[in-house]
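Data block for run01.csv (CSV, C-alpha atoms and all ligand atoms):
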chain,number,residue,atom,x,y,z
A,1307,MET,CA,167.1,67.6,57.8
A,1308,SER,CA,164.5,65.4,59.4
A,1309,ASN,CA,161.9,66.9,61.7
A,1310,HIS,CA,161.7,64.3,64.4
A,1311,LEU,CA,165.2,65.4,65.7
A,1312,ILE,CA,165.6,68.2,68.1
A,1313,PRO,CA,165.7,71.5,66.2
A,1314,PRO,CA,169.0,73.5,66.3
A,1315,TYR,CA,169.4,76.1,69.0
A,1316,GLY,CA,167.7,79.3,67.7
A,1317,GLY,CA,165.3,77.2,65.7
A,1318,VAL,CA,166.7,77.4,62.2
A,1319,PRO,CA,169.9,75.6,61.0
A,1320,VAL,CA,172.7,78.0,60.2
A,1321,ASP,CA,174.5,77.1,57.0
A,1322,VAL,CA,176.8,79.9,55.8
A,1323,VAL,CA,178.7,77.8,53.3
A,1324,VAL,CA,177.9,79.2,49.8
A,1325,ASP,CA,177.4,77.3,46.5
A,1326,ASP,CA,180.1,76.9,43.9
A,1327,GLU,CA,179.1,79.9,41.9
A,1328,ARG,CA,179.2,82.3,44.8
A,1329,ALA,CA,182.4,80.7,46.0
A,1330,SER,CA,184.1,81.5,42.8
A,1331,GLU,CA,182.8,85.1,42.9
A,1332,LEU,CA,184.2,85.5,46.4
A,1333,ARG,CA,187.6,84.0,45.3
A,1334,LYS,CA,187.7,86.5,42.4
A,1335,ALA,CA,186.7,89.5,44.5
A,1336,SER,CA,189.1,88.5,47.2
A,1337,THR,CA,192.1,89.5,45.1
A,1338,TYR,CA,191.3,93.1,46.1
A,1339,TRP,CA,190.8,92.3,49.8
A,1340,PRO,CA,193.2,92.0,52.6
A,1341,SER,CA,193.9,88.4,53.5
A,1342,TRP,CA,194.5,86.8,56.8
A,1343,ASP,CA,196.1,83.4,57.8
A,1344,LEU,CA,194.0,81.8,60.5
A,1345,THR,CA,195.6,80.6,63.8
A,1346,PRO,CA,194.7,77.2,65.1
A,1347,ARG,CA,192.1,78.8,67.5
A,1348,HIS,CA,190.5,80.7,64.6
A,1349,LEU,CA,190.4,77.6,62.5
A,1350,CYS,CA,188.4,75.8,65.2
A,1351,ASP,CA,186.0,78.6,65.7
A,1352,LEU,CA,185.5,79.1,62.0
A,1353,GLU,CA,184.8,75.4,61.4
A,1354,LEU,CA,182.1,75.4,64.1
A,1355,LEU,CA,180.6,78.7,62.7
A,1356,LEU,CA,180.6,77.4,59.2
A,1357,SER,CA,179.1,74.0,60.1
A,1358,GLY,CA,176.3,75.5,62.2
A,1359,ALA,CA,177.6,74.1,65.4
A,1360,PHE,CA,177.5,77.6,66.9
A,1361,SER,CA,174.0,78.2,65.6
A,1362,PRO,CA,172.5,80.9,65.8
A,1363,LEU,CA,175.8,82.7,65.3
A,1364,ARG,CA,176.6,83.6,61.6
A,1365,GLY,CA,179.9,85.3,62.3
A,1366,PHE,CA,182.2,86.9,64.8
A,1367,LEU,CA,180.6,88.9,67.6
A,1368,GLY,CA,180.7,92.7,67.8
A,1369,SER,CA,181.3,94.9,70.9
A,1370,ALA,CA,177.6,95.1,71.9
A,1371,ASP,CA,177.2,91.3,71.8
A,1372,VAL,CA,180.5,90.7,73.7
A,1373,ALA,CA,179.5,93.2,76.4
A,1374,SER,CA,176.1,91.6,76.7
A,1375,VAL,CA,177.6,88.1,76.8
A,1376,CYS,CA,180.1,89.1,79.5
A,1377,ALA,CA,177.5,90.9,81.7
A,1378,ASP,CA,174.4,88.8,81.1
A,1379,MET,CA,175.4,85.6,79.3
A,1380,ARG,CA,173.2,86.7,76.5
A,1381,LEU,CA,173.6,88.1,73.0
A,1382,SER,CA,172.2,91.6,72.7
A,1383,ASP,CA,169.0,90.1,71.1
A,1384,GLY,CA,168.4,88.2,74.4
A,1385,THR,CA,169.5,84.8,73.2
A,1386,LEU,CA,171.3,82.8,76.0
A,1387,TRP,CA,174.9,82.6,74.8
A,1388,PRO,CA,177.8,82.1,77.3
A,1389,MET,CA,181.0,82.5,75.3
A,1390,PRO,CA,182.3,85.3,73.2
A,1391,VAL,CA,183.3,84.0,69.7
A,1392,THR,CA,185.5,86.8,68.4
A,1393,PHE,CA,188.2,87.4,65.7
A,1394,ASP,CA,191.3,89.0,67.0
A,1395,VAL,CA,193.8,90.7,64.7
A,1396,PRO,CA,196.9,92.9,65.0
A,1397,ASP,CA,197.0,96.6,64.2
A,1398,GLU,CA,198.5,96.0,60.8
A,1399,LEU,CA,195.3,94.4,59.6
A,1400,ALA,CA,192.9,96.4,61.8
A,1401,THR,CA,194.1,99.7,60.3
A,1402,GLN,CA,193.5,98.4,56.8
A,1403,VAL,CA,189.8,97.5,57.2
A,1404,GLY,CA,186.7,99.2,58.4
A,1405,PRO,CA,182.9,98.5,58.3
A,1406,GLY,CA,182.0,97.4,54.8
A,1407,ALA,CA,185.4,95.8,54.0
A,1408,SER,CA,185.8,92.1,53.4
A,1409,VAL,CA,188.7,89.9,54.5
A,1410,ALA,CA,189.7,86.6,52.9
A,1411,LEU,CA,190.3,84.1,55.6
A,1412,ARG,CA,192.9,81.5,54.7
A,1413,ASP,CA,194.2,78.3,56.1
A,1414,PRO,CA,198.0,77.9,56.7
A,1415,GLU,CA,198.5,76.6,53.2
A,1416,GLY,CA,196.8,79.8,51.8
A,1417,VAL,CA,193.5,78.1,50.8
A,1418,MET,CA,190.6,80.6,51.2
A,1419,LEU,CA,188.1,79.1,53.6
A,1420,ALA,CA,185.7,82.1,54.0
A,1421,ALA,CA,185.0,85.7,53.5
A,1422,LEU,CA,184.5,87.9,56.5
A,1423,HIS,CA,182.3,90.9,55.8
A,1424,VAL,CA,183.3,93.3,58.4
A,1425,ASP,CA,180.8,95.5,60.2
A,1426,GLU,CA,182.8,96.6,63.2
A,1427,VAL,CA,186.5,97.0,64.1
A,1428,TYR,CA,187.1,97.5,67.8
A,1429,ARG,CA,189.6,97.3,70.6
A,1430,PRO,CA,188.1,95.1,73.3
A,1431,ASP,CA,188.8,95.4,77.0
A,1432,ARG,CA,190.3,91.9,77.3
A,1433,ARG,CA,190.7,92.1,81.1
A,1434,ALA,CA,187.0,93.0,81.5
A,1435,GLU,CA,186.2,90.1,79.1
A,1436,ALA,CA,188.3,87.7,81.2
A,1437,GLN,CA,186.5,88.9,84.4
A,1438,GLY,CA,183.1,88.7,82.8
A,1439,VAL,CA,183.5,85.3,81.2
A,1440,PHE,CA,185.8,83.4,83.4
A,1441,GLY,CA,185.3,85.3,86.7
A,1442,THR,CA,189.0,86.0,87.1
A,1443,THR,CA,191.9,87.8,85.4
A,1444,ASP,CA,194.4,85.3,86.8
A,1445,PRO,CA,196.6,83.9,83.9
A,1446,ALA,CA,196.9,80.6,85.7
A,1447,HIS,CA,193.4,80.1,84.1
A,1448,PRO,CA,194.2,78.8,80.6
A,1449,GLY,CA,191.2,80.7,79.1
A,1450,VAL,CA,192.5,83.9,80.7
A,1451,ALA,CA,196.0,83.3,79.6
A,1452,HIS,CA,194.9,82.9,76.0
A,1453,LEU,CA,192.9,86.1,76.2
A,1454,LEU,CA,195.5,88.3,77.9
A,1455,GLU,CA,198.7,86.8,76.5
A,1456,ARG,CA,197.9,85.4,73.1
A,1457,THR,CA,195.1,87.5,71.7
A,1458,HIS,CA,195.6,90.5,69.4
A,1459,PRO,CA,194.3,93.9,70.6
A,1460,ASN,CA,191.7,94.4,67.9
A,1461,TYR,CA,188.6,92.4,67.1
A,1462,LEU,CA,186.9,92.3,63.7
A,1463,ALA,CA,183.1,91.5,63.8
A,1464,GLY,CA,180.9,90.5,60.9
A,1465,THR,CA,179.2,87.8,59.0
A,1466,LEU,CA,180.8,84.9,57.2
A,1467,GLU,CA,180.3,83.4,53.8
A,1468,GLY,CA,182.0,80.0,53.9
A,1469,ILE,CA,183.8,78.5,50.9
A,1470,GLN,CA,184.9,75.3,52.5
A,1471,LEU,CA,185.5,73.8,56.0
A,1472,PRO,CA,189.1,73.6,57.2
A,1473,ALA,CA,190.8,70.5,55.8
A,1474,HIS,CA,191.7,67.6,58.1
A,1475,HIS,CA,193.9,64.7,57.4
A,1476,ASP,CA,193.1,62.4,60.3
A,1477,TYR,CA,190.0,60.5,61.3
A,1478,LEU,CA,187.9,62.0,58.5
A,1479,ALA,CA,185.2,59.4,58.9
A,1480,LEU,CA,184.8,60.3,62.6
A,1481,ARG,CA,184.5,64.1,62.1
A,1482,ARG,CA,180.8,64.6,61.6
A,1483,THR,CA,179.3,68.1,61.2
A,1484,PRO,CA,175.9,68.8,62.7
A,1485,ALA,CA,174.2,68.0,59.4
A,1486,GLU,CA,176.1,64.8,59.1
A,1487,LEU,CA,175.5,63.6,62.6
A,1488,ARG,CA,171.8,64.5,62.3
A,1489,ALA,CA,171.6,62.5,59.1
A,1490,GLU,CA,173.3,59.5,60.8
A,1491,PHE,CA,170.9,59.7,63.8
A,1492,THR,CA,168.0,59.7,61.4
A,1493,ARG,CA,169.4,56.7,59.5
A,1494,ARG,CA,169.7,54.8,62.8
A,1495,GLY,CA,166.3,55.9,64.0
A,1496,TRP,CA,167.8,57.6,67.1
A,1497,ARG,CA,165.8,60.4,68.6
A,1498,ARG,CA,167.0,60.6,72.2
A,1499,VAL,CA,170.7,60.9,72.3
A,1500,VAL,CA,172.9,61.6,75.3
A,1501,ALA,CA,176.3,63.1,74.6
A,1502,PHE,CA,179.4,62.7,76.6
A,1503,GLN,CA,181.9,65.6,76.3
A,1504,THR,CA,185.5,64.8,77.0
A,1505,ARG,CA,189.1,65.9,76.5
A,1506,ASN,CA,190.7,62.9,78.2
A,1507,PRO,CA,191.2,59.2,77.6
A,1508,LEU,CA,188.2,57.3,78.8
A,1509,HIS,CA,188.8,55.5,82.1
A,1510,ARG,CA,186.7,52.8,83.7
A,1511,ALA,CA,184.8,55.4,85.7
A,1512,HIS,CA,183.9,57.3,82.5
A,1513,HIS,CA,182.8,54.1,80.7
A,1514,GLU,CA,180.6,53.3,83.7
A,1515,LEU,CA,179.2,56.8,83.9
A,1516,THR,CA,178.3,56.8,80.2
A,1517,LEU,CA,176.6,53.4,80.4
A,1518,ARG,CA,174.6,54.5,83.4
A,1519,ALA,CA,173.6,57.7,81.7
A,1520,ALA,CA,172.3,56.0,78.6
A,1521,LYS,CA,170.3,53.5,80.6
A,1522,GLU,CA,168.9,56.1,83.0
A,1523,VAL,CA,167.5,58.3,80.3
A,1524,GLU,CA,166.8,55.5,77.8
A,1525,ALA,CA,168.8,57.2,75.1
A,1526,ASN,CA,171.5,56.3,72.7
A,1527,LEU,CA,175.0,57.4,73.5
A,1528,LEU,CA,177.2,59.8,71.6
A,1529,ILE,CA,180.8,59.9,72.7
A,1530,HIS,CA,181.7,63.4,71.5
A,1531,PRO,CA,185.3,64.2,72.4
A,1532,VAL,CA,186.9,67.5,71.7
A,1533,VAL,CA,189.8,67.2,69.2
A,1534,GLY,CA,190.3,70.9,68.5
A,1535,MET,CA,192.2,72.7,71.3
A,1536,THR,CA,191.9,71.5,74.9
A,1537,LYS,CA,193.8,72.2,78.1
A,1538,PRO,CA,197.6,72.7,77.5
A,1539,GLY,CA,199.3,69.5,78.6
A,1540,ASP,CA,196.4,67.2,77.7
A,1541,VAL,CA,197.0,63.8,76.0
A,1542,ASP,CA,197.2,64.4,72.3
A,1543,HIS,CA,194.1,63.6,70.3
A,1544,TYR,CA,195.7,60.8,68.2
A,1545,THR,CA,196.3,58.8,71.3
A,1546,ARG,CA,192.8,59.6,72.7
A,1547,VAL,CA,191.0,58.7,69.5
A,1548,ARG,CA,192.6,55.3,69.5
A,1549,CYS,CA,191.5,54.9,73.1
A,1550,TYR,CA,187.9,56.0,72.3
A,1551,GLN,CA,187.8,53.6,69.3
A,1552,ALA,CA,188.9,50.7,71.6
A,1553,ILE,CA,186.3,51.5,74.2
A,1554,MET,CA,183.4,51.6,71.7
A,1555,ASP,CA,183.3,47.8,71.7
A,1556,GLY,CA,182.4,48.0,75.4
A,1557,TYR,CA,178.9,49.3,74.6
A,1558,PRO,CA,176.0,47.2,73.7
A,1559,HIS,CA,175.9,46.7,69.9
A,1560,ASN,CA,174.4,49.6,67.9
A,1561,THR,CA,173.6,51.7,71.0
A,1562,ALA,CA,176.6,54.1,70.9
A,1563,MET,CA,178.6,56.0,68.4
A,1564,LEU,CA,181.8,58.1,68.3
A,1565,SER,CA,182.2,61.5,66.6
A,1566,LEU,CA,184.9,64.1,67.0
A,1567,LEU,CA,184.3,67.8,67.7
A,1568,PRO,CA,186.8,70.3,66.5
A,1569,LEU,CA,186.1,72.8,69.3
A,1570,ALA,CA,188.7,75.1,70.8
A,1571,MET,CA,187.8,74.8,74.5
A,1572,ARG,CA,188.3,77.8,76.8
A,1573,MET,CA,188.2,75.8,80.0
A,1574,GLY,CA,185.4,78.1,81.1
A,1575,GLY,CA,183.8,75.7,83.6
A,1576,PRO,CA,180.1,76.6,84.2
A,1577,ARG,CA,179.8,78.9,81.2
A,1578,GLU,CA,181.6,76.4,79.0
A,1579,ALA,CA,179.1,73.7,80.1
A,1580,VAL,CA,176.2,75.8,78.9
A,1581,TRP,CA,178.0,76.4,75.6
A,1582,HIS,CA,178.6,72.6,75.3
A,1583,ALA,CA,174.9,72.0,75.7
A,1584,ILE,CA,174.1,74.5,72.8
A,1585,ILE,CA,176.8,73.0,70.6
A,1586,ARG,CA,175.5,69.4,71.2
A,1587,ARG,CA,171.9,70.5,70.6
A,1588,ASN,CA,173.0,71.8,67.2
A,1589,HIS,CA,174.4,68.3,66.5
A,1590,GLY,CA,171.0,66.8,67.2
A,1591,VAL,CA,171.6,65.8,70.8
A,1592,THR,CA,168.9,65.9,73.4
A,1593,HIS,CA,170.8,65.1,76.7
A,1594,LEU,CA,174.3,66.1,77.9
A,1595,ILE,CA,176.3,64.4,80.7
A,1596,VAL,CA,177.7,66.9,83.1
A,1597,GLY,CA,179.8,65.4,85.9
A,1598,ARG,CA,182.3,66.7,88.3
A,1599,ASP,CA,184.4,69.8,87.4
A,1600,HIS,CA,183.1,69.9,83.8
A,1601,ALA,CA,185.5,71.9,81.5
A,1602,GLY,CA,187.5,72.8,84.6
A,1603,PRO,CA,190.6,75.0,84.2
A,1604,GLY,CA,192.4,73.6,87.3
A,1605,ALA,CA,193.6,75.7,90.2
A,1606,ASP,CA,195.3,79.1,90.8
A,1607,ALA,CA,198.8,79.5,92.2
A,1608,GLN,CA,197.5,79.0,95.7
A,1609,GLY,CA,196.0,75.7,94.7
A,1610,ARG,CA,192.4,77.0,94.9
A,1611,PRO,CA,190.2,75.7,92.1
A,1612,PHE,CA,188.6,78.5,90.0
A,1613,TYR,CA,185.2,76.9,90.1
A,1614,GLY,CA,183.4,74.6,92.5
A,1615,PRO,CA,183.1,71.0,91.3
A,1616,TYR,CA,179.4,71.2,90.7
A,1617,ASP,CA,179.1,74.9,89.6
A,1618,ALA,CA,178.8,73.7,85.9
A,1619,GLN,CA,175.8,71.5,86.9
A,1620,ASP,CA,174.2,74.4,88.7
A,1621,LEU,CA,174.5,76.8,85.8
A,1622,VAL,CA,173.3,74.3,83.2
A,1623,ARG,CA,170.3,73.3,85.5
A,1624,GLN,CA,169.3,77.0,85.8
A,1625,HIS,CA,169.1,77.3,82.0
A,1626,GLU,CA,168.0,73.8,81.1
A,1627,ALA,CA,164.6,74.7,79.8
A,1628,GLU,CA,165.9,77.5,77.6
A,1629,LEU,CA,168.7,75.3,76.3
A,1630,GLY,CA,166.3,72.6,75.4
A,1631,VAL,CA,168.9,70.0,76.4
A,1632,THR,CA,168.4,67.8,79.4
A,1633,MET,CA,171.4,67.5,81.7
A,1634,VAL,CA,172.4,64.1,83.0
A,1635,PRO,CA,174.3,65.1,86.2
A,1636,PHE,CA,176.9,62.9,87.9
A,1637,ARG,CA,178.5,63.2,91.2
A,1638,GLN,CA,182.2,62.2,91.3
A,1639,MET,CA,182.7,58.7,90.2
A,1640,VAL,CA,185.4,56.5,91.7
A,1641,TYR,CA,186.4,53.1,90.5
A,1642,VAL,CA,186.1,50.6,93.2
A,1643,GLU,CA,188.5,47.8,92.5
A,1644,ALA,CA,187.0,45.3,94.9
A,1645,ALA,CA,183.5,45.8,93.5
A,1646,GLY,CA,184.8,45.7,89.9
A,1647,ALA,CA,182.5,48.6,89.1
A,1648,GLY,CA,182.3,52.3,89.2
A,1649,ARG,CA,180.4,53.9,91.9
A,1650,ALA,CA,179.3,57.5,92.6
A,1651,ALA,CA,181.1,58.9,95.6
A,1652,GLY,CA,178.7,58.7,98.5
A,1653,ASP,CA,176.8,55.8,97.1
A,1654,PRO,CA,176.2,52.9,99.6
A,1655,ALA,CA,179.0,50.4,99.3
A,1701,LIG,S1,186.1,68.2,80.4
A,1701,LIG,O1,185.4,68.7,79.3
A,1701,LIG,O2,185.2,68.2,81.6
A,1701,LIG,O3,187.3,69.0,80.6
A,1701,LIG,P1,186.8,65.6,81.0
A,1701,LIG,O4,187.3,64.5,80.1
A,1701,LIG,O5,187.7,65.9,82.2
A,1701,LIG,O6,186.5,66.8,80.1
A,1701,LIG,O7,185.4,65.1,81.6
A,1701,LIG,C1,184.4,64.7,80.8
A,1701,LIG,C2,183.1,64.7,81.5
A,1701,LIG,O8,183.1,63.7,82.5
A,1701,LIG,C3,182.7,66.0,82.2
A,1701,LIG,O9,181.3,66.1,82.2
A,1701,LIG,C4,183.1,65.7,83.6
A,1701,LIG,O10,182.4,66.5,84.5
A,1701,LIG,C5,182.9,64.2,83.8
A,1701,LIG,N1,183.8,63.5,84.7
A,1701,LIG,C6,185.1,63.3,84.4
A,1701,LIG,N2,185.6,62.5,85.4
A,1701,LIG,C7,184.6,62.3,86.3
A,1701,LIG,C8,184.5,61.7,87.6
A,1701,LIG,N3,185.5,61.0,88.1
A,1701,LIG,N4,183.3,61.7,88.2
A,1701,LIG,C9,182.2,62.4,87.7
A,1701,LIG,N5,182.3,63.0,86.5
A,1701,LIG,C10,183.4,63.0,85.8
A,1702,MG,MG,187.8,66.8,84.1
How does this structure look as structure tokens?
Ligand code: ADX
Ligand code: MG
Amino acid sequence: MSNHLIPPYGGVPVDVVVDDERASELRKASTYWPSWDLTPRHLCDLELLLSGAFSPLRGFLGSADVASVCADMRLSDGTLWPMPVTFDVPDELATQVGPGASVALRDPEGVMLAALHVDEVYRPDRRAEAQGVFGTTDPAHPGVAHLLERTHPNYLAGTLEGIQLPAHHDYLALRRTPAELRAEFTRRGWRRVVAFQTRNPLHRAHHELTLRAAKEVEANLLIHPVVGMTKPGDVDHYTRVRCYQAIMDGYPHNTAMLSLLPLAMRMGGPREAVWHAIIRRNHGVTHLIVGRDHAGPGADAQGRPFYGPYDAQDLVRQHEAELGVTMVPFRQMVYVEAAGAGRAAGDPA
């Protein structure tokens, strides 16, 4: 890893994928372990843990860290960290394991991806977690709905030893891990990189916003869309990736690149924006665009939005120095047909 790039969050790159020899030891040992088939959400979280995108995390969080993340947005060692990354399992598995046990984590085809070395088994207070992380227990919030309605009642915490990253069959060349993206930035000589997070097709206003951001901070541009799990009802990622690929020609030659991020979003608004900054920093990014309603979960049954449109900007700004990532904020952009250009709402006509 080259040292002119921004160091990962926490200082040292996390790489918990083991060598071939250790992998075969783990596979052999695992015949005596309980085994667990990962859900789509687990697969996303595991991929980012194994690749170092969640650095400094090396596994799934225990009860003390979750309590601290909920209350103070920090791990119990004081590191700023906004989102619990946990491993939920039903009673039938939780009763089989205790501290010191290991579990073989498998993909839906039965391929062992990692060993989880358990150091705690606990029953979380998921309503308190929802309130702490999302500021609400209303299941109209997609992150809350996942937590209260589709999360098993036990969490296993512990460190991971990775055997291989989850397999993908689409857009392999565009799925770059932190190490791969850093190597590519180095090859291109990019040091200042501004990332654009998105879960939607890019519209004219977004194209405009990304062009302006790159120009304003004199950085190269990384279009870094989420292709893991996004908000229920979103446009599928196949359609979106084709749209992103088409729009890449709209940037000056060799100034922008596209890479896909297998994140499972929580639609956590402000806290999620802070998390996005950490994840991008781990990929070698120095600047992050945060616009209107970043990672917004929509509105409650009364039509009231869960977060204010610029709450995410406010929270990232408060923690910018500690994150080490510079925010590039945008007010709401509207496309002005007559002017043939995007314009920030409130800009002079
Ligand atoms: S999400 O992660 O925030 O859910 P989305 O695709 O909707 O993804 O937005 C991507 C980024 O563009 C976010 O930073 C968001 O704040 C910003 N953004 C989207 N639309 C606009 C807009 N019309 N004006 C300003 N910022 C916007
Ligand atoms: Mg949005």
Return as a tab-separated table the residues of chain A lying at most 10 Å from ligand MG 1702 (chain A), together with the closest atom-to-atom pair for each and the distance in Å to one decimal, counting only C-alpha atoms and all ligand atoms, with rows in chain order and ascending residue number.
residue	atom	partner	partner_atom	distance
A:Gln1503	CA	A:MG1702	MG	9.9
A:Thr1504	CA	A:MG1702	MG	7.7
A:Arg1505	CA	A:MG1702	MG	7.8
A:Asn1506	CA	A:MG1702	MG	7.6
A:Met1573	CA	A:MG1702	MG	9.9
A:Gly1575	CA	A:MG1702	MG	9.8
A:Gly1597	CA	A:MG1702	MG	8.3
A:Arg1598	CA	A:MG1702	MG	6.9
A:Asp1599	CA	A:MG1702	MG	5.6
A:His1600	CA	A:MG1702	MG	5.6
A:Ala1601	CA	A:MG1702	MG	6.2
A:Gly1602	CA	A:MG1702	MG	6.0
A:Pro1603	CA	A:MG1702	MG	8.7
A:Gly1604	CA	A:MG1702	MG	8.8
A:Pro1615	CA	A:MG1702	MG	9.6
If we count all atoms listed in the file and set the cut-off at 8 Å, which residues sit around stretch 1437-1450 of chain A, ignoring sequence neighbours fewer than 5 positions away in its own chain? Please answer as a ChimeraX atom specification.
/A:1375-1377,1388-1389,1537-1538,1572-1575,1577,1603-1607,1612
Please identify all polymer residues within 6 Å of A:Pro1405, counting all atoms listed in the file, omitting same-chain residues fewer than 5 positions from it, and present them as a ChimeraX atom specification.
/A:1424-1426
Using only C-alpha atoms, which residue out of A:Gly1556, A:Gly1609, A:Gly1614, A:Pro1531 lies closest to A:Pro1576?
A:Gly1614
Between A:Trp1496, A:Trp1387, A:Phe1502, A:Phe1491, which has the minimum distance to A:Val1634 (counting only C-alpha atoms)?
A:Phe1502
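Of the residues under consideration (A:Gly1590, A:Pro1507, A:Pro1313, A:Gly1404), A:Pro1507 shows the shortest atom-to-atom contact distance to ligand LIG 1701 (chain A) when counting all atoms listed in the file.
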Rounded to one decimal in Å, what is the spacing between atom CA of A:Val1323 and atom CA of A:Thr1592?
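Computed distance, atom CA of A:Val1323 to atom CA of A:Thr1592, equals 25.3 Å.
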Hey, which of A:Thr1516, A:Leu1569, A:Pro1346, A:Gly1384 ends up closest to A:Pro1635? Count only C-alpha atoms.
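That would be A:Thr1516, the residue with the smallest distance to A:Pro1635.
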Point-to-point distance from atom CA of A:Ala1420 to atom CA of A:Glu1486, Å rounded to tenths
20.4 Å
Option closest in space to A:Arg1637, from A:Thr1401, A:Ala1570, A:Val1533, A:Leu1515 [counting all atoms listed in the file]:
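The shortest atom-to-atom distance to A:Arg1637 comes from A:Leu1515.
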Could you give me, as an mmCIF file with C-alpha atoms, keeping the file's coordinate frame, the residues within 12 Å of A:Ile1312, counting all atoms listed in the file and dropping anything in the same chain fewer than 2 positions from it?
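selection_35.cif written:
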data_model
loop_
_atom_site.group_PDB
_atom_site.id
_atom_site.type_symbol
_atom_site.label_atom_id
_atom_site.label_comp_id
_atom_site.auth_asym_id
_atom_site.auth_seq_id
_atom_site.Cartn_x
_atom_site.Cartn_y
_atom_site.Cartn_z
ATOM 1 C CA MET A 1307 167.100 67.600 57.800
ATOM 2 C CA SER A 1308 164.500 65.400 59.400
ATOM 3 C CA ASN A 1309 161.900 66.900 61.700
ATOM 4 C CA HIS A 1310 161.700 64.300 64.400
ATOM 5 C CA PRO A 1314 169.000 73.500 66.300
ATOM 6 C CA TYR A 1315 169.400 76.100 69.000
ATOM 7 C CA GLY A 1316 167.700 79.300 67.700
ATOM 8 C CA GLY A 1317 165.300 77.200 65.700
ATOM 9 C CA VAL A 1318 166.700 77.400 62.200
ATOM 10 C CA PRO A 1319 169.900 75.600 61.000
ATOM 11 C CA PRO A 1484 175.900 68.800 62.700
ATOM 12 C CA ARG A 1488 171.800 64.500 62.300
ATOM 13 C CA PHE A 1491 170.900 59.700 63.800
ATOM 14 C CA THR A 1492 168.000 59.700 61.400
ATOM 15 C CA TRP A 1496 167.800 57.600 67.100
ATOM 16 C CA ARG A 1497 165.800 60.400 68.600
ATOM 17 C CA ARG A 1498 167.000 60.600 72.200
ATOM 18 C CA VAL A 1499 170.700 60.900 72.300
ATOM 19 C CA ILE A 1584 174.100 74.500 72.800
ATOM 20 C CA ARG A 1586 175.500 69.400 71.200
ATOM 21 C CA ARG A 1587 171.900 70.500 70.600
ATOM 22 C CA ASN A 1588 173.000 71.800 67.200
ATOM 23 C CA HIS A 1589 174.400 68.300 66.500
ATOM 24 C CA GLY A 1590 171.000 66.800 67.200
ATOM 25 C CA VAL A 1591 171.600 65.800 70.800
ATOM 26 C CA THR A 1592 168.900 65.900 73.400
ATOM 27 C CA HIS A 1593 170.800 65.100 76.700
ATOM 28 C CA LEU A 1629 168.700 75.300 76.300
ATOM 29 C CA GLY A 1630 166.300 72.600 75.400
ATOM 30 C CA VAL A 1631 168.900 70.000 76.400
ATOM 31 C CA THR A 1632 168.400 67.800 79.400
#
Pick from A:His1582, A:Arg1548, A:Arg1364, A:Arg1380 nearest to ligand LIG 1701 (chain A), counting only C-alpha atoms and all ligand atoms:
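Nearest to ligand LIG 1701 (chain A): A:His1582.
For the pair atom CA of A:Asn1526 and atom CA of A:Ser1361, the interatomic distance is 23.2 Å.
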Applying 12 Å and only C-alpha atoms, which residues near A:Leu1367 remain after dropping the ones on its own chain fewer than 5 positions away? List them as an NGL selection string.
:A and (1351 or 1355 or 1360 or 1362 or 1372-1376 or 1380-1382 or 1387 or 1389-1394 or 1422 or 1424-1428 or 1430 or 1461-1466)
Within 10 Å of A:Pro1396, counting all atoms listed in the file, which residues qualify if same-chain residues fewer than 2 places away don't, as a CSV table (one decimal) with C-alpha atoms, in the frame of the given file?
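To be explicit, this is the file written out as result_19.csv:
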chain,number,residue,atom,x,y,z
A,1394,ASP,CA,191.3,89.0,67.0
A,1398,GLU,CA,198.5,96.0,60.8
A,1399,LEU,CA,195.3,94.4,59.6
A,1400,ALA,CA,192.9,96.4,61.8
A,1401,THR,CA,194.1,99.7,60.3
A,1457,THR,CA,195.1,87.5,71.7
A,1458,HIS,CA,195.6,90.5,69.4
A,1459,PRO,CA,194.3,93.9,70.6
A,1460,ASN,CA,191.7,94.4,67.9
A,1461,TYR,CA,188.6,92.4,67.1
Ref. answer, residues at most 10 Å from (186.4, 59.3, 61.3) with all atoms listed in the file, as a list in words
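Protein and nucleic acid residues near the point are Asp1476, Tyr1477, Leu1478, Ala1479, Leu1480, Arg1481, Arg1482, Val1547, Gln1551, Leu1564, Ser1565 and Leu1566 of chain A.
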